[in-house]
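What follows is the content of my_file.cif, which has mmCIF, C-alpha atoms and all ligand atoms:
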```cif
data_work
#
loop_
_atom_site.label_atom_id
_atom_site.label_comp_id
_atom_site.auth_asym_id
_atom_site.auth_seq_id
_atom_site.Cartn_x
_atom_site.Cartn_y
_atom_site.Cartn_z
CA MET G 1 -22.26 12.00 -43.45
CA PHE G 2 -25.51 13.97 -43.80
CA ASN G 3 -27.52 13.53 -40.61
CA LEU G 4 -31.19 13.35 -41.52
CA PHE G 5 -32.50 14.12 -38.01
CA GLY G 6 -29.93 16.71 -37.03
CA ARG G 7 -28.92 14.76 -33.91
CA LYS G 8 -25.35 14.64 -32.77
CA PRO G 9 -23.95 11.16 -32.08
CA LYS G 10 -24.21 10.49 -28.33
CA GLU G 11 -20.97 11.30 -26.50
CA PRO G 12 -19.92 8.88 -23.76
CA THR G 13 -20.79 10.38 -20.37
CA THR G 14 -17.84 11.14 -18.14
CA LEU G 15 -17.50 12.11 -14.51
CA PHE G 16 -16.46 15.67 -13.64
CA TYR G 17 -13.56 14.43 -11.47
CA HIS G 18 -10.65 12.22 -12.46
CA THR G 19 -9.70 10.31 -9.31
CA ASP G 20 -11.55 7.26 -8.01
CA VAL G 21 -10.80 7.04 -4.29
CA HIS G 22 -12.45 3.66 -3.64
CA SER G 23 -12.13 0.52 -5.77
CA HIS G 24 -11.51 -3.21 -5.54
CA ILE G 25 -9.58 -3.50 -8.77
CA LEU G 26 -6.38 -5.23 -7.65
CA PRO G 27 -6.41 -8.85 -8.81
CA GLY G 28 -6.81 -11.73 -6.36
CA VAL G 29 -6.45 -9.95 -3.00
CA ASP G 30 -10.10 -9.65 -1.94
CA HIS G 31 -13.54 -10.40 -3.42
CA GLY G 32 -13.13 -7.74 -6.12
CA ALA G 33 -11.25 -8.45 -9.36
CA GLN G 34 -9.97 -12.02 -9.38
CA THR G 35 -7.66 -11.92 -12.40
CA VAL G 36 -5.59 -9.31 -14.23
CA THR G 37 -8.08 -9.63 -17.11
CA ASP G 38 -10.95 -8.59 -14.76
CA SER G 39 -8.85 -5.68 -13.48
CA ILE G 40 -8.04 -4.43 -16.97
CA GLU G 41 -11.68 -4.64 -18.05
CA MET G 42 -12.73 -2.62 -15.00
CA LEU G 43 -9.99 -0.05 -15.61
CA ARG G 44 -11.04 0.28 -19.24
CA LEU G 45 -14.52 1.23 -18.03
CA GLN G 46 -13.03 3.66 -15.49
CA VAL G 47 -11.12 5.38 -18.33
CA GLU G 48 -14.32 5.56 -20.41
CA MET G 49 -15.92 7.36 -17.46
CA GLY G 50 -13.12 9.94 -17.37
CA ILE G 51 -11.08 8.49 -14.52
CA LEU G 52 -7.31 8.92 -14.85
CA ARG G 53 -6.14 7.93 -11.34
CA VAL G 54 -7.46 4.97 -9.37
CA MET G 55 -6.83 4.34 -5.69
CA CYS G 56 -6.79 0.57 -5.29
CA THR G 57 -8.42 0.24 -1.89
CA SER G 58 -8.63 -3.52 -1.43
CA HIS G 59 -10.23 -4.89 1.71
CA VAL G 60 -8.17 -5.39 4.83
CA THR G 61 -10.32 -7.27 7.36
CA ALA G 62 -9.70 -9.75 10.16
CA GLU G 63 -9.74 -13.41 9.06
CA THR G 64 -11.26 -12.84 5.60
CA PHE G 65 -8.71 -10.58 3.92
CA GLU G 66 -5.66 -10.17 6.10
CA ASN G 67 -3.73 -8.19 3.51
CA THR G 68 -0.54 -6.32 4.31
CA PRO G 69 1.17 -3.37 2.59
CA GLU G 70 3.42 -5.99 0.95
CA THR G 71 0.64 -8.19 -0.53
CA LEU G 72 -1.20 -5.12 -1.85
CA THR G 73 1.90 -3.50 -3.32
CA ALA G 74 2.83 -6.75 -5.09
CA ALA G 75 -0.65 -7.02 -6.70
CA CYS G 76 -0.45 -3.36 -7.70
CA GLU G 77 2.95 -3.83 -9.39
CA LEU G 78 1.57 -6.79 -11.35
CA LEU G 79 -1.39 -4.70 -12.53
CA LYS G 80 0.81 -1.71 -13.38
CA ARG G 81 2.75 -3.91 -15.83
CA ALA G 82 -0.50 -5.04 -17.48
CA ILE G 83 -1.65 -1.39 -17.78
CA VAL G 84 1.57 -0.58 -19.68
CA ASP G 85 1.09 -3.62 -21.95
CA GLU G 86 -2.50 -2.58 -22.69
CA GLY G 87 -1.54 1.08 -23.18
CA LEU G 88 -4.31 2.26 -20.84
CA PRO G 89 -4.10 5.95 -19.89
CA VAL G 90 -4.63 5.43 -16.17
CA GLU G 91 -2.44 5.58 -13.08
CA ILE G 92 -3.05 3.28 -10.12
CA PHE G 93 -1.95 3.48 -6.49
CA ALA G 94 -1.85 0.71 -3.90
CA SER G 95 -3.84 1.47 -0.78
CA ALA G 96 -6.56 -0.21 1.25
CA GLU G 97 -10.03 -0.02 2.76
CA TYR G 98 -9.37 -0.75 6.41
CA ARG G 99 -12.25 -2.27 8.34
CA ILE G 100 -11.92 -1.13 11.93
CA ASP G 101 -11.57 -4.46 13.71
CA GLU G 102 -8.98 -6.42 15.73
CA TYR G 103 -6.72 -6.97 12.69
CA TRP G 104 -6.73 -3.23 11.99
CA SER G 105 -5.85 -2.53 15.63
CA SER G 106 -2.76 -4.73 15.52
CA GLU G 107 -1.64 -3.57 12.05
CA TYR G 108 -2.18 0.09 12.97
CA ALA G 109 -0.26 -0.32 16.22
CA ALA G 110 2.62 -1.88 14.27
CA GLY G 111 2.60 0.90 11.66
CA HIS G 112 1.61 -1.52 8.86
CA VAL G 113 -0.61 0.93 7.06
CA LEU G 114 -0.74 1.83 3.37
CA PRO G 115 -2.32 5.25 2.89
CA MET G 116 -3.20 6.89 -0.41
CA PRO G 117 -1.02 9.71 -1.77
CA GLY G 118 -1.39 12.74 0.51
CA ASN G 119 -1.69 10.39 3.53
CA TYR G 120 -5.42 9.81 3.10
CA LEU G 121 -6.68 6.67 4.81
CA LEU G 122 -9.93 4.95 3.83
CA LEU G 123 -11.61 3.48 6.90
CA GLU G 124 -14.68 1.28 7.04
CA ASN G 125 -16.94 1.10 10.06
CA SER G 126 -18.43 -2.14 11.29
CA PHE G 127 -21.72 -2.86 9.50
CA VAL G 128 -23.27 -4.34 12.66
CA GLN G 129 -22.95 -1.59 15.24
CA GLU G 130 -21.09 1.64 15.70
CA LEU G 131 -17.78 1.24 17.48
CA ILE G 132 -17.74 2.92 20.87
CA GLU G 133 -14.26 4.30 20.30
CA ILE G 134 -14.70 5.58 16.72
CA ASP G 135 -14.37 9.29 17.56
CA GLU G 136 -11.15 8.66 19.50
CA LEU G 137 -9.74 6.55 16.68
CA MET G 138 -10.52 9.21 14.05
CA PHE G 139 -8.74 11.74 16.26
CA ASP G 140 -5.78 9.43 16.83
CA VAL G 141 -5.18 8.76 13.12
CA GLN G 142 -5.07 12.53 12.56
CA VAL G 143 -2.55 12.96 15.37
CA LYS G 144 -0.41 10.37 13.54
CA GLY G 145 -0.56 12.52 10.38
CA TYR G 146 -3.25 10.72 8.36
CA HIS G 147 -6.41 12.24 6.86
CA PRO G 148 -9.26 9.83 7.58
CA ILE G 149 -11.94 9.19 4.96
CA LEU G 150 -15.00 7.27 6.11
CA ALA G 151 -16.01 4.81 3.39
CA HIS G 152 -19.71 4.88 2.39
CA PRO G 153 -21.20 6.40 5.58
CA GLU G 154 -24.64 6.03 3.96
CA ARG G 155 -24.42 2.23 4.26
CA TYR G 156 -24.20 1.95 8.06
CA ARG G 157 -27.81 1.35 9.04
CA TYR G 158 -27.33 2.37 12.66
CA TYR G 159 -26.90 5.95 11.41
CA ASN G 160 -30.28 5.95 9.60
CA ALA G 161 -32.00 7.49 12.62
CA HIS G 162 -28.87 9.16 14.03
CA HIS G 163 -27.81 11.81 11.61
CA GLU G 164 -26.29 13.76 14.50
CA ARG G 165 -23.51 11.16 14.52
CA TYR G 166 -22.70 12.04 10.90
CA GLU G 167 -22.45 15.68 11.91
CA LYS G 168 -20.19 14.94 14.87
CA LEU G 169 -17.80 12.75 12.89
CA HIS G 170 -17.67 15.23 10.05
CA LYS G 171 -16.96 18.11 12.44
CA GLY G 172 -14.03 16.02 13.69
CA ASN G 173 -12.36 16.43 10.26
CA VAL G 174 -13.40 13.04 8.92
CA LYS G 175 -14.01 13.20 5.17
CA PHE G 176 -17.08 11.35 3.95
CA GLN G 177 -16.98 9.25 0.77
CA VAL G 178 -20.37 8.29 -0.69
CA ASN G 179 -20.70 5.41 -3.16
CA LEU G 180 -21.99 6.06 -6.67
CA LEU G 181 -23.55 2.59 -6.40
CA SER G 182 -25.61 3.79 -3.41
CA LEU G 183 -26.86 6.77 -5.41
CA ALA G 184 -27.74 4.38 -8.22
CA GLY G 185 -29.92 2.42 -5.75
CA TYR G 186 -27.74 -0.71 -5.79
CA PHE G 187 -27.65 -1.00 -1.97
CA GLY G 188 -31.36 -0.36 -1.47
CA LYS G 189 -33.59 2.49 -0.47
CA ALA G 190 -32.12 3.36 2.95
CA ALA G 191 -28.57 3.74 1.60
CA LYS G 192 -29.82 5.93 -1.23
CA VAL G 193 -31.89 8.11 1.12
CA ASN G 194 -28.89 8.53 3.44
CA ALA G 195 -26.56 9.29 0.50
CA LEU G 196 -28.90 12.03 -0.70
CA TRP G 197 -29.25 13.40 2.83
CA LEU G 198 -25.45 13.64 3.16
CA ILE G 199 -25.18 15.45 -0.17
CA GLU G 200 -28.04 17.80 0.67
CA HIS G 201 -26.43 18.70 4.00
CA GLY G 202 -23.00 19.33 2.55
CA LEU G 203 -21.48 16.28 4.25
CA CYS G 204 -20.35 14.43 1.12
CA ASP G 205 -16.73 15.31 0.37
CA MET G 206 -15.89 12.57 -2.09
CA LEU G 207 -17.57 10.04 -4.34
CA GLY G 208 -16.28 6.55 -4.99
CA SER G 209 -17.10 3.69 -7.30
CA ASP G 210 -16.37 0.95 -4.73
CA MET G 211 -16.44 -1.26 -7.82
CA HIS G 212 -15.76 -4.94 -7.22
CA SER G 213 -16.60 -6.13 -10.73
CA VAL G 214 -17.33 -5.23 -14.34
CA GLU G 215 -21.02 -5.45 -13.41
CA HIS G 216 -20.60 -2.68 -10.83
CA ALA G 217 -18.70 -0.55 -13.36
CA LEU G 218 -21.53 -0.91 -15.89
CA ILE G 219 -24.16 0.07 -13.31
CA ILE G 220 -22.16 3.22 -12.53
CA LYS G 221 -21.69 3.97 -16.21
CA ASP G 222 -25.46 3.79 -16.75
CA TYR G 223 -26.16 5.88 -13.67
CA ILE G 224 -23.85 8.75 -14.65
CA ALA G 225 -25.60 8.88 -18.02
CA SER G 226 -28.96 9.44 -16.26
CA LYS G 227 -30.91 12.67 -15.92
CA GLU G 228 -31.11 11.97 -12.18
CA TRP G 229 -27.33 12.22 -11.85
CA ARG G 230 -27.07 15.32 -14.01
CA LYS G 231 -29.76 17.05 -11.94
CA LEU G 232 -28.04 16.08 -8.68
CA VAL G 233 -24.70 17.50 -9.86
CA GLU G 234 -26.36 20.72 -10.90
CA LYS G 235 -28.66 21.16 -7.89
CA TYR G 236 -25.91 20.71 -5.30
CA ASP G 237 -23.08 22.25 -7.31
CA LEU G 238 -21.14 19.01 -6.96
CA THR G 239 -18.42 19.98 -9.43
CA LYS G 240 -17.27 22.53 -6.80
CA ARG G 241 -18.01 20.50 -3.70
CA ILE G 242 -16.60 17.06 -4.48
CA LYS G 243 -12.91 16.90 -3.65
CA ASN G 244 -11.76 13.58 -5.12
CA ASP G 245 -8.95 15.22 -7.06
CA MET G 246 -7.34 16.55 -3.87
CA VAL G 247 -6.03 13.01 -3.28
CA LYS G 248 -2.61 13.28 -4.89
FE FE G 301 -15.10 -1.07 -0.61
#
```
Target encoding structure tokens, full file:
Amino acid sequence: MFNLFGRKPKEPTTLFYHTDVHSHILPGVDHGAQTVTDSIEMLRLQVEMGILRVMCTSHVTAETFENTPETLTAACELLKRAIVDEGLPVEIFASAEYRIDEYWSSEYAAGHVLPMPGNYLLLENSFVQELIEIDELMFDVQVKGYHPILAHPERYRYYNAHHERYEKLHKGNVKFQVNLLSLAGYFGKAAKVNALWLIEHGLCDMLGSDMHSVEHALIIKDYIASKEWRKLVEKYDLTKRIKNDMVK
């Protein structure tokens, strides 16, 4: 039809990478998606944002979410069937976001670990204080053949005034995954400032949605349609520097 103002219809904004390495999309295993319907709605939004492969990194934490490779794989199989029924063009993989705590220690010692394809392992620091033995642990997981990814380093407040710790961990071959939600300001000013600092200093290897809900997905969708995001991608050449798609 003749367009009076010469404007093209607005295209949906998509991400420049196709793998989400951090999400809470599996139904009923943590405080992310609770039902298959929630999961499908979140995946639909992922697809709209250009995501084709989703790592389902549900929480594994002492007492609250004592998931095992078996519970996570079962939830993933259930969701895979729903994806086929819905005809969604997305692939999902069962994995986990391991909080480093006493449950992790016993599961890790027993070999009950569910890495992403390529043996990447998403690890979450304590939010209260840095673990004394974190450098040794990051080294040990690499000796065992895993590639550690630190989940949302920008959110650990004890690093706000200790950026040298970021540098040390990163030099020890730990990949850093920053949350899009942090960049969008969802976790407050300090997390956003840290996220931008990591990007500016070349310490952000991957981005993740860390989406727990449709609400989170919509916040991300809005953010990636913003000028702020487009400028960030351009200024720091993120299309070359972000390595999400190496997880395969
Ligand atoms: Fe998470």
Pick out the closest residue to G:Leu180 from this set: G:Met211, G:Leu79, G:Met246, G:Leu150. Count all atoms listed in the file.
G:Met211
Pick the closest to G:Lys235 from G:Glu200, G:His147, G:Leu207, G:Thr37: which is it, counting only C-alpha atoms?
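Of G:Glu200, G:His147, G:Leu207, G:Thr37, the one nearest G:Lys235 is G:Glu200, counting only C-alpha atoms.
In this structure, atom CA of G:Cys76 sits 15.4 Å away from atom CA of G:His212.
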Residues of chain G at most 9 Å from ligand FE 301 (chain G): nearest atom pair and distance in Å, all atoms listed in the file, as a Markdown table:
```
| residue | atom | partner | partner_atom | distance |
| --- | --- | --- | --- | --- |
| G:His22 | CA | G:FE301 | FE | 6.2 |
| G:Ser23 | CA | G:FE301 | FE | 6.2 |
| G:His24 | CA | G:FE301 | FE | 6.5 |
| G:Gly32 | CA | G:FE301 | FE | 8.9 |
| G:Thr57 | CA | G:FE301 | FE | 6.9 |
| G:Ser58 | CA | G:FE301 | FE | 7.0 |
| G:His59 | CA | G:FE301 | FE | 6.6 |
| G:Ala96 | CA | G:FE301 | FE | 8.8 |
| G:Glu97 | CA | G:FE301 | FE | 6.2 |
| G:Glu124 | CA | G:FE301 | FE | 8.0 |
| G:Ala151 | CA | G:FE301 | FE | 7.2 |
| G:His152 | CA | G:FE301 | FE | 8.1 |
| G:Asn179 | CA | G:FE301 | FE | 8.9 |
| G:Gly208 | CA | G:FE301 | FE | 8.9 |
| G:Ser209 | CA | G:FE301 | FE | 8.5 |
| G:Asp210 | CA | G:FE301 | FE | 4.8 |
| G:Met211 | CA | G:FE301 | FE | 7.3 |
| G:His212 | CA | G:FE301 | FE | 7.7 |
```
Here is a test: counting all atoms listed in the file, which residue of G:Phe139, G:Asn67, G:Val214, G:Lys192 is nearest to G:Lys168?
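Under the stated criterion, the closest residue is G:Phe139.
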So what do you get for atom CA of G:Asn125 versus atom CA of G:Asn244, distance-wise?
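Value for the atom CA of G:Asn125-atom CA of G:Asn244 distance: 20.3 Å.
Proximity to G:Leu181 was assessed for G:Lys80, G:Arg99, G:His216, G:His112 counting all atoms listed in the file; the smallest distance is recorded for G:His216.
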